[in-house]
Structure formats: structure tokens, C-alpha cells
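See below for the structure under consideration.
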There are 2 protein chains.
Amino acid sequence: MPSGEPTIRDVAARAGVSKSLVSLALQNSSRVAPGTRQTIRRAAEELGYRPNAIARTLGAHRSRTIGVFVLDLHNPIYVDILDGVQAEAHRLDYRTIVVVGSSDRRAERAELDKLMEFRVEGLVTVGHRLPAGAGTAISESCPAVLVGAEPRLPPHLVSVSTDDIRGSALAIDHLVALGHSAITHVTGGNNSVARKRERGYVQAMERHGLQARIRCIPGGFTDERGYQGTIAALGGDEPPTALFVANDFAAIGALAAAADRGLEVPRDLSVIGYDGTRLSGLRSIGLTTVAQPLKEMGVAAATQLCSRLDTGQEGTRRIRMSPGLLVRTSTGPPPRHAGVSEARDRPRAAVSTTHPA
Amino acid sequence: MPSGEPTIRDVAARAGVSKSLVSLALQNSSRVAPGTRQTIRRAAEELGYRPNAIARTLGAHRSRTIGVFVLDLHNPIYVDILDGVQAEAHRLDYRTIVVVGSSDRRAERAELDKLMEFRVEGLVTVGHRLPAGAGTAISESCPAVLVGAEPRLPPHLVSVSTDDIRGSALAIDHLVALGHSAITHVTGGNNSVARKRERGYVQAMERHGLQARIRCIPGGFTDERGYQGTIAALGGDEPPTALFVANDFAAIGALAAAADRGLEVPRDLSVIGYDGTRLSGLRSIGLTTVAQPLKEMGVAAATQLCSRLDTGQEGTRRIRMSPGLLVRTSTGPPPRHAGVSEARDRPRAAVSTTHPA
DNA sequence: CTGAAAGCGCTTACAG
DNA sequence: CTGAAAGCGCTTACAG
């Protein structure tokens with residue numbers, strides 16, 4: 001804390017008024033005369049005065065700061081959500097302090113504790129799980145909104161999420177419209193989000209009268225899990241013509257698996273992901289995917305939290321956003337012979353890929 | 001700012017001592033009797049006392065907080081660096097407040113101003129450029145360390161970077177050892193980092209007696225730029241057998257371009273990137289790349305800054321870390337006929353890729 | 001419209 | 001080893 005910084009007292013001296021008036025003027029209070037305000041503003045400017053947020057917080061009994069817990073900054077979808085949260089919070093004149101999740105629960109808990117020492121007024125959590133020690137942090141006194149996680153919500157919590165049932169439906173409808181019926185789902189594992197997407201898949205298949213073709217292969221949310229799940233999915237005796245994979249990372253793994261099995265995408269196999277990450281849009285990937293309105297989700301979370309802090313009123317409990325479909329080049333009509341056996345029998349050597357295994 | 005929180009005064013009352021003593025005890029001062037300390041600690045615990053960092057900062061005249069400016073959280077290398085900065089800062093018992101760069105310079109400047117209102121004691125910037133308005137923020141009173149950017153440094157600044165000359169040399173040596181001589185560089189554009197890598201390429205080529213083969217094609221640090229640069233590089237009359245691309249993103253674009261041109265990697269063309277992002281290690285990408293010790297760079301930055309804040313002593317001015325080579329599957333020996341004309345003449349239809357354009 | 005005063009929750013000399 | 005007091009830089013009733 002550099003001590004040479006000018007304070008409100010210096011500004012007051014230079015403007016020839018009291019500290020109170022400086023404070024008021026700098027808050028744009030209508031209770032100070034226009035001329036005085038001018039003088040004060042100018043004095044502040046000349047001095048290079050910068051308000052001390054710390055002192056203000058202590059004096060005003062509120063920090064106008066919210067904490068943002070982000071599970072993992074290496075997951076681009078969380079970063080997109082964070083962008084939205086920050087943009088909106090700053091627009092509403094709230095500061096943000098972000099704390100990043102950690103595989104070390106103790107460390108994570110410690111970080112969250114430090115966050116609370118800043119006396120944040122509220123918390124938004126971004127990720128598929130709550131922060132460690134959330135119980136003590138997210139007390140009644142600290143309203144919170146959860147993005148991308150929907151546990152049983154205590155009354156002071158709000159959740160923002162995408163309608164994953166609908167998202168899965170979008171994917172399956174697209175595939176069915178293309179002519180597919182042997183559509184296998186490589187799941188995202190055993191968390192609430194993955195289960196939602198799986199449920200959506202099952203419902204959509206049933207709706208299309210395809211209950212007999214329902215196949216769920218255990219996967220996960222990583223490249224590697226998607227790869228393995230796909231290898232397994234392709235190994236059955238009725239190989240699918242299309243794969244609905246639980247997220248983009250896993251779907252990218254699925255593309256690698258298809259290549260390794262000598263399948264050309266989308267000629268021999270269509271692949272569709274979920275999330276709409278920028279990664280999936282990379283030229284060398286071109287993944288068709290279900291896009292979540294990530295930034296909007298972040299914005300909605302901040303809007304909820306801040307308006308609640310400003311008005312003291314509780315808003316909606318759950319906000320569910322609509323996903324969209326991003327059609328790129330990894331999906332197409334099924335092979336005519338409604339199976340992939342021929343493709344699989346082609347000699348490996350004839351198949352060339354940019355990404356040899 | 002929730003007001004129901006217990007304060008030091010409540011703890012003092014419960015422990016039957018003065019506020020001063022509570023403060024001292026909680027700081028583990030040796031000036032308080034062991035028994036008293038016990039009593040105080042217990043009282044604090046029972047009350048669920050949480051120190052108020054805001055008040056402490058104001059009272060102690062220092063915040064033990066550093067600001068971290070990160071240019072872009074969508075760039076995974078910056079996230080890795082950030083991980084290192086945070087881990088080390090927290091280990092040294094400093095708090096961090098991160099502010100994210102923005103394409104809107106005005107907004108970025110405003111964010112940085114707000115950061116300074118928190119009275120951070122120092123700043124680390126992560127990214128290839130300084131934050132907007134850095135001039136006013138990074139004053140003499142606020143020591144800063146720059147990671148990944150090396151402008152002419154005013155005396156109170158420190159920089160941490162990778163030895164890019166050496167990194168380029170690593171890449172070229174690898175390619176030459178594989179038998180390549182027609183090695184083209186797709187540059188990262190016109191920033192200081194890109195120029196360094198380019199210089200390293202030129203020097204390495206000369207060292208190998210390959211000055212006649214030096215070709216620099218303007219590119220950039222994005223997927224798209226890498227794609228375009230590669231298309232251009234492949235269009236010349238003496239097409240290269242290997243491409244050294246300025247970073248991983250661009251190299252991934254290069255892979256796409258190679259696929260579009262009907263070239264198999266690494267059989268017809270070797271591609272090497274730079275940075276060592278996780279992305280480049282994805283199964284479907286498998287890019288050989290020059291890895292920067294990203295997390296270590298972040299750690300070094302925090303170490304420098306915090307020790308300087310603690311001791312008041314200035315340390316090293318420039319810290320340069322050593323890159324390493326990550327050999328994966330995108331590099332191999334050149335085609336025997338030392339050119340790619342045959343491969344390029346193969347009919348497109350015979351070439352199958354997982355990632356159609 | 002303006003000022004003097006109290007207070008926010010800590011820390012830190014200063015006495016004892 | 002312990003306590004009373006001043007102070008950090010603001011804000012906010014409260015008077016005027």
C-alpha cells in the first residue's frame with residue numbers, strides 16, 4: 001500500500017472544502033452545488049487522486065465486490081461464462097475477484113476463505129461442482145448463483161444452466177433428419193450434467209421411435225475418455241453411423257478414434273459434440289456441436305446476483321437457457337449401406353489422415 | 001458487507017483480553033503468552049471469527065495483495081502461467097486479484113484502475129503486450145514483473161521470458177537431424193515475441209549452412225493465420241518438406257492447410273509448433289512443439305515480485321528460462337525424393353482425412 | 001448546500 | 001506479556 005498516494009483529505013485541502021463534501025462530490029451526490037463539484041473534481045484530477053477502494057469498503061459497509069469461483073480456467077467454456085459474468089458485473093459497477101478451483105481441496109478451501117476475507121457481497125460459481133468448503137462460504141449472508149451446476153438448492157441460491165434435455169434433442173433431431181437411426185451416445189460420465197444429456201438423448205430417440213437403437217457407452221468429458229468410449233462404441237456388432245458425444249473435448253477424442261479405425265468423418269461416421277467451444281470450430285476440427293449460450297449465461301448470473309444485492313429482492317430460482325445447433329463438417333448423411341463394415345475393411349494403408357496415431 | 005460477522009472486538013470480549021492482544025495472537029506474535037494465545041484462538045474459533053482483510057489492509061498499511069493482469073484467458077499458455085503465479089503467490093501468503101485484458105482498451109484501462117483502487121502492492125502482467133494505461137498503473141510505487149513481454153524496461157520492472165532464440169534452435173536442430181533442409185518458417189507476425197522466434201530460426205538455419213533455404217512467410221498467432229501462411233508457404237516453386245510455425249494455434253492451422261492440400265503429415269510434410277499447449281497434445285493433433293516452462297515462468301514471476309515486496313530489494317532484471325522440445329507425431333523424415341511434388345499430384349479423392357474442409 | 005464528528009475493523013507504536 | 005490510544009481513508013447520519 002503505497003503511502004504517497006493523495007487522499008480525500010488532500011483533495012479537500014486543495015479545493016478548500018471539507019472531506020465530507022469531497023466524498024459526496026466524488027459520489028456524484030446531487031446534494032453538492034455544481035460549482036463546488038467542479039472545483040473538487042478538478043482538484044482531484046490535478047492531484048492524480050485515486051479513491052481507495054479498501055477504505056471505501058470499510059466506511060460504506062459494503063464492498064460492491066462479488067467473488068467468482070471458476071472451477072477450471074483450462075476449460076474454455078468456463079472462460080466464456082466468466083467473460084459474461086465479468087462484463088456484466090463491471091457494467092453494473094461491481095468489482096470481481098476470481099478464485100480458481102484446484103484439485104487440492106484444502107488449497108481450494110483456503111482460497112475461498114481468503115475470498116470471504118475480502119467481504120465480497122455475493123458469489124457466483126462456474127463449473128459442474130461447487131467449491132470445496134462451499135458450505136461455510138455460501139452462508140445465508142452471502143447470496144450465490146451457480147452456473148452449470150444444479151444441486152438441490154437452498155433458498156438463497158439461484159442456478160443458471162442450459163436446457164440439456166433440449167440440447168440433446170437438437171443433436172438427435174439433426175442426425176435423424178440426416179437419415180441416421182443407429183445413433184450411439186458416448187456419455188459424459190456420472191455427473192449431473194452428463195446424466196441430463198443422456199436423458200435427453202434417450203427421450204429424443206424414443207420420440208423418433210428409435211428406442212431399439214438406444215446405446216449408451218460410458219465416456220467422460222475429456223479427449224481421452226471420448227476416444228476410449230468411441231473405440232468401444234465402434235466395436236459392437238451393429239456399429240453406429242452416428243455418435244452423439246457428451247462434450248466437445250470428448251468429441252475431439254472421438255474424431256481421433258474414428259481416424260484410428262480408418263473411418264472417414266462424416267462419410268463413414270457422423271460425430272456431434274456439445275458446448276460450442278471455439279476449439280471445436282478450429283479449421284482442422286470442424287465439429288458439429290450443440291452450443292450453449294455461455295456468455296449469456298454468465299451475464300444472466302451477474303444480473304441476478306447484482307440486482308439482488310442492489311434491491312435486496314430475491315429473483316427467479318432457476319434460469320434455464322436455450323441451446324442452439326452449430327452445424328459444421330463432422331455430420332452428414334449415413335453411408336448408403338447403413339453400416340460401416342465396408343469402410344472398416346478397407347486396408348489401413350489406403351487411408352490417410354493428417355493426424356496419425 | 002455482511003454486518004453480522006464477529007469482529008476482533010467480539011473475540012476480545014469472549015477471551016477476556018484487549019483487542020490488541022487478539023490482533024497480536026492472531027498474527028502469531030511471540031510477544032503473547034502461549035496460554036493467552038490458546039484462549040484467544042479458541043474464542044475466535046468458537047465465534048467463527050474470520051479476519052476482515054479490508055480492515056487489516058487499512059490498518060497495516062499494506063494489502064499483501066498483488067494484481068495479475070492476464071491478456072487473454074482463452075489462450076491456454078497464459079492460463080498455465082497464471083496457475084504458476086497464483087500458486088506461488090498464495091504459498092508466500094499473498095492474495096491475488098486478476099484482471100483480464102480486453103479488446104476494448106478503454107474498458108481494460110478502467111479495470112486496471114479499479115485494480116489499483118485495491119491498493120495492490122505489485123503487479124504481474126501475463127501476455128505479449130502490456131495492459132492499456134500501464135503507464136499510470138505501473139508507477140514507480142508499484143513494482144511489476146512482466147511475463148512474456150519484454151519492452152525496454154524502466155528500472156523498477158522485471159521480465160520473465162523464454163529464450164526464444166534457443167527455442168527456435170531446438171526446433172530447427174530437430175528437423176535437420178531428421179534430414180530436412182527445406183525448412184520454411186511461418187512467422188507469428190510483427191510483435192517482439194514473433195520476431196525473436198524468427199531471428200532464432202534464421203540463426204539456426206545459418207548455423208546449419210542452410211542460409212540458402214531460409215524462407216519466412218508472414219503468419220500470425222492464430223489458427224487462421226497459420227492456415228493462410230501455410231497455404232502460401234506450400235505454393236512456392238520449391239515447396240518445403242518441413243514447417244516451423246510460430247505457435248501451436250497457428251501450427252494447428254498449418255495441419256489443416258496441409259490436409260487441404262492433400263499432404264499427409266508427417267509423411268509429406270513435417271510441422272512443428274511452439275508453446276507446448278495441452279491442445280497440441282490432444283490425440284487428434286499430436287503436434288511436435290517447443291515447450292515453454294509456463295508454470296515455472298509464473299512461479300518465477302511471483303517469487304521475484306513477492307520477495308521484492310518483502311525485502312524491498314531489487315532482484316534480477318531479466319529472467320530467461322529454457323524451452324524444451326516435445327516430439328510427437330507431426331514430424332518425421334522428409335519424403336525420400338526431397339520434395340513433395342509427387343504427393344501433391346495424387347488425386348484429391350484418394351486422400352481421406354478426418355477433418356474435411 | 002456544507003462541515004464536524006463518529007465509526008468501519010483492524011494494526012501498531014507507546015507505556016507499563 | 002498486556003492494554004489504552006491513535007490512526008488508516010473513507011462514508012454517513014446529524015446539524016446547521
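Chain labels A, B, ... are given in the sequence in which chains occur in the C-alpha cells; within each chain residues are numbered consecutively from 1, and ligands are likewise numbered from 1 in the order shown.
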
Distance table requested - chain C against chain A, cut-off 8 Å, only C-alpha atoms (C1' of nucleotides): one row per qualifying residue with the closest atom pair and its distance in Å to one decimal, ordered by chain and rising residue number, as a Markdown table.
```
| residue | atom | partner | partner_atom | distance |
| --- | --- | --- | --- | --- |
| C:DC1 | C1' | A:Val32 | CA | 5.9 |
| C:DT2 | C1' | A:Leu21 | CA | 7.1 |
| C:DG3 | C1' | A:Ser18 | CA | 6.2 |
| C:DG7 | C1' | A:Gly59 | CA | 7.8 |
| C:DC8 | C1' | A:Leu58 | CA | 4.9 |
| C:DG9 | C1' | A:Leu58 | CA | 7.7 |
```

Based on the selection just made, write N, CA, C and O atoms (P, O5', C5', C4', C3', O3' and C1' of nucleotides) of those residues as an mmCIF file, in the first residue's frame.
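Writing the result to result30.cif gives the following:
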```cif
data_model
loop_
_atom_site.group_PDB
_atom_site.id
_atom_site.type_symbol
_atom_site.label_atom_id
_atom_site.label_comp_id
_atom_site.auth_asym_id
_atom_site.auth_seq_id
_atom_site.Cartn_x
_atom_site.Cartn_y
_atom_site.Cartn_z
ATOM 1 P P DC C 1 -28.383 22.724 -4.174
ATOM 2 O "O5'" DC C 1 -27.266 22.885 -3.065
ATOM 3 C "C5'" DC C 1 -26.121 23.612 -3.364
ATOM 4 C "C4'" DC C 1 -25.497 23.996 -2.063
ATOM 5 C "C3'" DC C 1 -24.202 23.218 -1.763
ATOM 6 O "O3'" DC C 1 -23.177 24.180 -1.541
ATOM 7 C "C1'" DC C 1 -25.663 23.197 0.111
ATOM 8 P P DT C 2 -21.717 23.784 -1.492
ATOM 9 O "O5'" DT C 2 -21.457 23.522 0.051
ATOM 10 C "C5'" DT C 2 -21.395 24.638 0.935
ATOM 11 C "C4'" DT C 2 -21.112 24.164 2.349
ATOM 12 C "C3'" DT C 2 -19.902 23.241 2.482
ATOM 13 O "O3'" DT C 2 -18.931 23.924 3.275
ATOM 14 C "C1'" DT C 2 -21.756 22.432 3.741
ATOM 15 P P DG C 3 -17.535 23.266 3.628
ATOM 16 O "O5'" DG C 3 -17.813 22.779 5.121
ATOM 17 C "C5'" DG C 3 -18.275 23.716 6.087
ATOM 18 C "C4'" DG C 3 -18.326 23.072 7.447
ATOM 19 C "C3'" DG C 3 -17.081 22.263 7.818
ATOM 20 O "O3'" DG C 3 -16.838 22.461 9.205
ATOM 21 C "C1'" DG C 3 -18.975 20.855 7.890
ATOM 22 P P DG C 7 -19.196 6.448 17.706
ATOM 23 O "O5'" DG C 7 -18.953 5.558 16.428
ATOM 24 C "C5'" DG C 7 -19.951 5.521 15.401
ATOM 25 C "C4'" DG C 7 -19.395 4.731 14.239
ATOM 26 C "C3'" DG C 7 -18.480 3.583 14.694
ATOM 27 O "O3'" DG C 7 -18.837 2.396 14.005
ATOM 28 C "C1'" DG C 7 -17.378 4.922 13.099
ATOM 29 P P DC C 8 -18.413 0.973 14.566
ATOM 30 O "O5'" DC C 8 -18.083 0.193 13.225
ATOM 31 C "C5'" DC C 8 -18.811 0.413 12.030
ATOM 32 C "C4'" DC C 8 -17.915 0.035 10.872
ATOM 33 C "C3'" DC C 8 -16.843 -0.975 11.258
ATOM 34 O "O3'" DC C 8 -17.296 -2.281 10.915
ATOM 35 C "C1'" DC C 8 -15.943 0.851 9.943
ATOM 36 P P DG C 9 -17.347 -3.427 12.044
ATOM 37 O "O5'" DG C 9 -15.875 -4.005 11.971
ATOM 38 C "C5'" DG C 9 -15.396 -4.508 10.737
ATOM 39 C "C4'" DG C 9 -13.902 -4.666 10.826
ATOM 40 C "C3'" DG C 9 -13.424 -5.455 12.039
ATOM 41 O "O3'" DG C 9 -12.499 -6.415 11.589
ATOM 42 C "C1'" DG C 9 -12.297 -3.393 11.916
#
```

Subject >> Which of region 88-238 of chain A fall in strand (DSSP E or B), as a count of residues only >> reply: 28

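Considering only C-alpha atoms, the residue among B:Ala87, B:Ala169, B:Ala182, B:Met205 positioned nearest to chain A is B:Ala87.
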
Subject >> For chain B, the nearest of the candidates A:Arg308, A:Arg166, A:Arg37, A:Arg119, counting only C-alpha atoms >> reply: A:Arg119

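Ranking A:Ala242, A:Leu73, A:Leu326, A:Val145 by their shortest atom-to-atom distance to chain B, with only C-alpha atoms included, puts A:Leu73 first.
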
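Atom to atom, CA of Gly188 (chain B) and CA of Val245 (chain B) stand 7.7 Å apart.
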
Might you pull out every residue within 12 Å of Asp163 (chain B), with only C-alpha atoms (C1' of nucleotides) counted and same-chain residues fewer than 3 positions away left off, and present them as a short mmCIF file (atom, residue, chain, number, x, y, z; two decimals) with all heavy atoms, in the first residue's frame?
```cif
data_model
loop_
_atom_site.label_atom_id
_atom_site.label_comp_id
_atom_site.auth_asym_id
_atom_site.auth_seq_id
_atom_site.Cartn_x
_atom_site.Cartn_y
_atom_site.Cartn_z
N GLY B 148 6.39 -12.79 -20.51
CA GLY B 148 6.07 -12.95 -21.93
C GLY B 148 6.08 -11.67 -22.72
O GLY B 148 5.62 -11.64 -23.85
N ALA B 149 6.57 -10.62 -22.13
CA ALA B 149 6.70 -9.37 -22.88
C ALA B 149 7.99 -8.72 -22.41
O ALA B 149 8.32 -8.76 -21.24
CB ALA B 149 5.52 -8.45 -22.61
N GLU B 150 8.73 -8.17 -23.33
CA GLU B 150 10.00 -7.56 -22.94
C GLU B 150 10.22 -6.24 -23.63
O GLU B 150 11.03 -6.14 -24.54
CB GLU B 150 11.17 -8.47 -23.32
CG GLU B 150 11.19 -9.81 -22.69
CD GLU B 150 12.44 -10.56 -23.14
OE1 GLU B 150 13.50 -10.33 -22.55
OE2 GLU B 150 12.35 -11.34 -24.08
N SER B 159 11.48 -8.72 -16.07
CA SER B 159 10.78 -9.54 -17.06
C SER B 159 11.16 -11.00 -16.94
O SER B 159 12.28 -11.35 -16.58
CB SER B 159 11.07 -9.04 -18.48
OG SER B 159 12.31 -9.54 -18.91
N VAL B 160 10.20 -11.85 -17.24
CA VAL B 160 10.43 -13.29 -17.27
C VAL B 160 10.02 -13.77 -18.65
O VAL B 160 8.91 -13.48 -19.10
CB VAL B 160 9.57 -14.02 -16.22
CG1 VAL B 160 9.78 -15.52 -16.33
CG2 VAL B 160 9.89 -13.54 -14.82
N ARG B 166 16.83 -19.79 -28.47
CA ARG B 166 17.16 -21.18 -28.18
C ARG B 166 16.00 -22.11 -28.58
O ARG B 166 16.21 -23.20 -29.10
CB ARG B 166 17.46 -21.29 -26.69
CG ARG B 166 17.59 -22.66 -26.14
CD ARG B 166 18.99 -22.94 -25.56
NE ARG B 166 19.13 -24.39 -25.35
CZ ARG B 166 19.33 -25.26 -26.32
NH1 ARG B 166 19.44 -24.83 -27.57
NH2 ARG B 166 19.42 -26.54 -26.07
N GLY B 167 14.79 -21.69 -28.36
CA GLY B 167 13.62 -22.49 -28.70
C GLY B 167 13.57 -22.77 -30.20
O GLY B 167 13.35 -23.91 -30.63
N SER B 168 13.79 -21.74 -30.98
CA SER B 168 13.79 -21.92 -32.44
C SER B 168 14.91 -22.87 -32.84
O SER B 168 14.73 -23.73 -33.70
CB SER B 168 13.99 -20.57 -33.13
OG SER B 168 12.88 -19.73 -32.91
N ALA B 169 16.05 -22.72 -32.18
CA ALA B 169 17.18 -23.58 -32.49
C ALA B 169 16.81 -25.04 -32.24
O ALA B 169 17.11 -25.93 -33.04
CB ALA B 169 18.39 -23.18 -31.66
N LEU B 170 16.13 -25.28 -31.13
CA LEU B 170 15.70 -26.64 -30.79
C LEU B 170 14.86 -27.23 -31.93
O LEU B 170 15.03 -28.39 -32.33
CB LEU B 170 14.83 -26.56 -29.53
CG LEU B 170 15.30 -27.21 -28.22
CD1 LEU B 170 16.80 -27.19 -28.07
CD2 LEU B 170 14.62 -26.53 -27.04
N VAL B 193 7.78 -11.04 -29.64
CA VAL B 193 7.96 -12.47 -29.46
C VAL B 193 8.17 -13.16 -30.81
O VAL B 193 9.10 -13.95 -30.99
CB VAL B 193 6.74 -13.09 -28.73
CG1 VAL B 193 6.86 -14.60 -28.70
CG2 VAL B 193 6.61 -12.52 -27.33
N LYS B 196 11.54 -12.52 -32.28
CA LYS B 196 12.58 -13.31 -31.61
C LYS B 196 12.64 -14.71 -32.19
O LYS B 196 13.71 -15.24 -32.49
CB LYS B 196 12.18 -13.41 -30.15
CG LYS B 196 13.08 -13.11 -29.00
CD LYS B 196 14.27 -12.34 -29.10
CE LYS B 196 14.75 -11.88 -27.74
NZ LYS B 196 13.67 -11.71 -26.75
N ARG B 197 11.49 -15.32 -32.35
CA ARG B 197 11.47 -16.69 -32.87
C ARG B 197 11.99 -16.74 -34.30
O ARG B 197 12.67 -17.67 -34.69
CB ARG B 197 10.05 -17.26 -32.76
CG ARG B 197 9.65 -17.45 -31.31
CD ARG B 197 8.25 -17.96 -31.07
NE ARG B 197 7.97 -17.88 -29.62
CZ ARG B 197 6.80 -18.12 -29.06
NH1 ARG B 197 5.76 -18.47 -29.80
NH2 ARG B 197 6.65 -18.01 -27.74
N ARG B 199 14.13 -14.65 -35.60
CA ARG B 199 15.56 -14.46 -35.54
C ARG B 199 16.26 -15.77 -35.18
O ARG B 199 17.28 -16.15 -35.78
CB ARG B 199 15.90 -13.38 -34.52
CG ARG B 199 17.33 -12.94 -34.54
CD ARG B 199 17.48 -11.42 -34.43
NE ARG B 199 16.68 -10.87 -33.34
CZ ARG B 199 17.09 -10.83 -32.07
NH1 ARG B 199 18.26 -11.32 -31.74
NH2 ARG B 199 16.32 -10.29 -31.15
N GLY B 200 15.66 -16.48 -34.25
CA GLY B 200 16.23 -17.77 -33.85
C GLY B 200 16.25 -18.76 -35.01
O GLY B 200 17.22 -19.50 -35.19
N ASP B 275 5.14 -23.60 -28.05
CA ASP B 275 4.45 -23.25 -26.80
C ASP B 275 4.24 -24.46 -25.88
O ASP B 275 4.31 -24.35 -24.67
CB ASP B 275 3.08 -22.59 -27.01
CG ASP B 275 3.21 -21.11 -27.31
OD1 ASP B 275 4.31 -20.57 -27.12
OD2 ASP B 275 2.22 -20.51 -27.77
N VAL B 290 7.80 -26.84 -29.44
CA VAL B 290 8.79 -26.34 -28.48
C VAL B 290 8.02 -25.91 -27.25
O VAL B 290 7.16 -25.04 -27.32
CB VAL B 290 9.56 -25.14 -29.06
CG1 VAL B 290 10.53 -24.60 -28.02
CG2 VAL B 290 10.29 -25.53 -30.33
N ALA B 291 8.32 -26.54 -26.13
CA ALA B 291 7.55 -26.25 -24.93
C ALA B 291 8.21 -25.19 -24.07
O ALA B 291 9.39 -25.25 -23.79
CB ALA B 291 7.37 -27.53 -24.12
N GLN B 292 7.41 -24.22 -23.67
CA GLN B 292 7.90 -23.24 -22.72
C GLN B 292 7.58 -23.74 -21.32
O GLN B 292 6.54 -24.36 -21.11
CB GLN B 292 7.19 -21.91 -22.90
CG GLN B 292 7.36 -21.26 -24.24
CD GLN B 292 6.93 -19.80 -24.20
OE1 GLN B 292 7.50 -19.00 -23.47
NE2 GLN B 292 5.92 -19.45 -24.98
N PRO B 293 8.44 -23.46 -20.36
CA PRO B 293 8.16 -23.88 -18.98
C PRO B 293 7.17 -22.89 -18.36
O PRO B 293 7.55 -22.10 -17.50
CB PRO B 293 9.53 -23.82 -18.32
CG PRO B 293 10.29 -22.80 -19.09
CD PRO B 293 9.73 -22.78 -20.49
N MET B 297 7.51 -20.26 -15.26
CA MET B 297 7.66 -18.82 -15.52
C MET B 297 6.76 -18.02 -14.59
O MET B 297 7.16 -16.99 -14.05
CB MET B 297 7.31 -18.53 -16.98
CG MET B 297 8.32 -19.10 -17.97
SD MET B 297 7.71 -19.04 -19.68
CE MET B 297 7.86 -17.27 -20.02
N ARG B 318 16.20 -9.40 -15.69
CA ARG B 318 15.59 -10.25 -16.70
C ARG B 318 15.82 -11.71 -16.33
O ARG B 318 16.94 -12.10 -16.04
CB ARG B 318 16.22 -10.02 -18.07
CG ARG B 318 15.89 -8.69 -18.68
CD ARG B 318 16.57 -8.56 -20.04
NE ARG B 318 16.45 -7.21 -20.55
CZ ARG B 318 15.38 -6.76 -21.19
NH1 ARG B 318 14.35 -7.56 -21.41
NH2 ARG B 318 15.33 -5.51 -21.61
N ILE B 319 14.77 -12.47 -16.39
CA ILE B 319 14.92 -13.89 -16.12
C ILE B 319 14.57 -14.60 -17.40
O ILE B 319 13.48 -14.39 -17.96
CB ILE B 319 13.98 -14.34 -15.00
CG1 ILE B 319 14.33 -13.57 -13.73
CG2 ILE B 319 14.08 -15.84 -14.78
CD1 ILE B 319 13.46 -13.91 -12.57
N ARG B 320 15.47 -15.43 -17.89
CA ARG B 320 15.19 -16.11 -19.14
C ARG B 320 15.21 -17.61 -18.89
O ARG B 320 16.17 -18.15 -18.38
CB ARG B 320 16.24 -15.71 -20.19
CG ARG B 320 15.77 -16.00 -21.59
CD ARG B 320 16.42 -15.04 -22.56
NE ARG B 320 15.99 -13.66 -22.35
CZ ARG B 320 16.67 -12.60 -22.77
NH1 ARG B 320 17.79 -12.76 -23.42
NH2 ARG B 320 16.23 -11.39 -22.54
N MET B 321 14.12 -18.28 -19.23
CA MET B 321 14.01 -19.70 -18.96
C MET B 321 14.30 -20.51 -20.23
O MET B 321 14.21 -20.02 -21.35
CB MET B 321 12.60 -20.04 -18.49
CG MET B 321 11.96 -19.02 -17.55
SD MET B 321 12.33 -19.29 -15.82
CE MET B 321 11.44 -20.80 -15.53
N SER B 322 14.63 -21.78 -20.02
CA SER B 322 14.98 -22.63 -21.16
C SER B 322 13.78 -23.41 -21.67
O SER B 322 13.07 -24.04 -20.90
CB SER B 322 16.05 -23.63 -20.76
OG SER B 322 17.26 -22.96 -20.54
N PRO B 323 13.58 -23.39 -22.96
CA PRO B 323 12.50 -24.17 -23.57
C PRO B 323 12.93 -25.62 -23.73
O PRO B 323 14.11 -25.95 -23.57
CB PRO B 323 12.34 -23.52 -24.93
CG PRO B 323 13.70 -23.01 -25.26
CD PRO B 323 14.32 -22.60 -23.95
N GLY B 324 11.99 -26.48 -24.03
CA GLY B 324 12.30 -27.89 -24.28
C GLY B 324 11.57 -28.35 -25.53
O GLY B 324 10.66 -27.68 -26.02
#
```

Subject >> Residue neighbourhood Gly189 (chain A), 12 Å, only C-alpha atoms (C1' of nucleotides), exclusion window fewer than 6 positions, as a list in words >> reply: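 Residues near the query, excluding close chain neighbours: Arg195, Lys196, Arg197, Glu198, Cys216, Ile217, Pro218, Gly219, Gly220, Phe221, Thr222, Arg225, Gly226, Gly229, Val245, Ala246, Asn247 and Ala250 of chain A.
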
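Restricting the calculation to only C-alpha atoms, the smallest distance between Ala177 (chain A) and any of A:His208, A:Glu108, A:Val70, A:Ala53 is found for A:His208.
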
Subject >> Given only C-alpha atoms as the counted atoms, nearest of B:Leu92, B:Ala212, B:Ile77, B:Leu294 to chain A >> reply: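 Closest to chain A, using only C-alpha atoms: B:Ile77.
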
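Taking CA of Lys295 (chain B) and CA of Arg278 (chain B) as the two end points, the separation is 12.6 Å.
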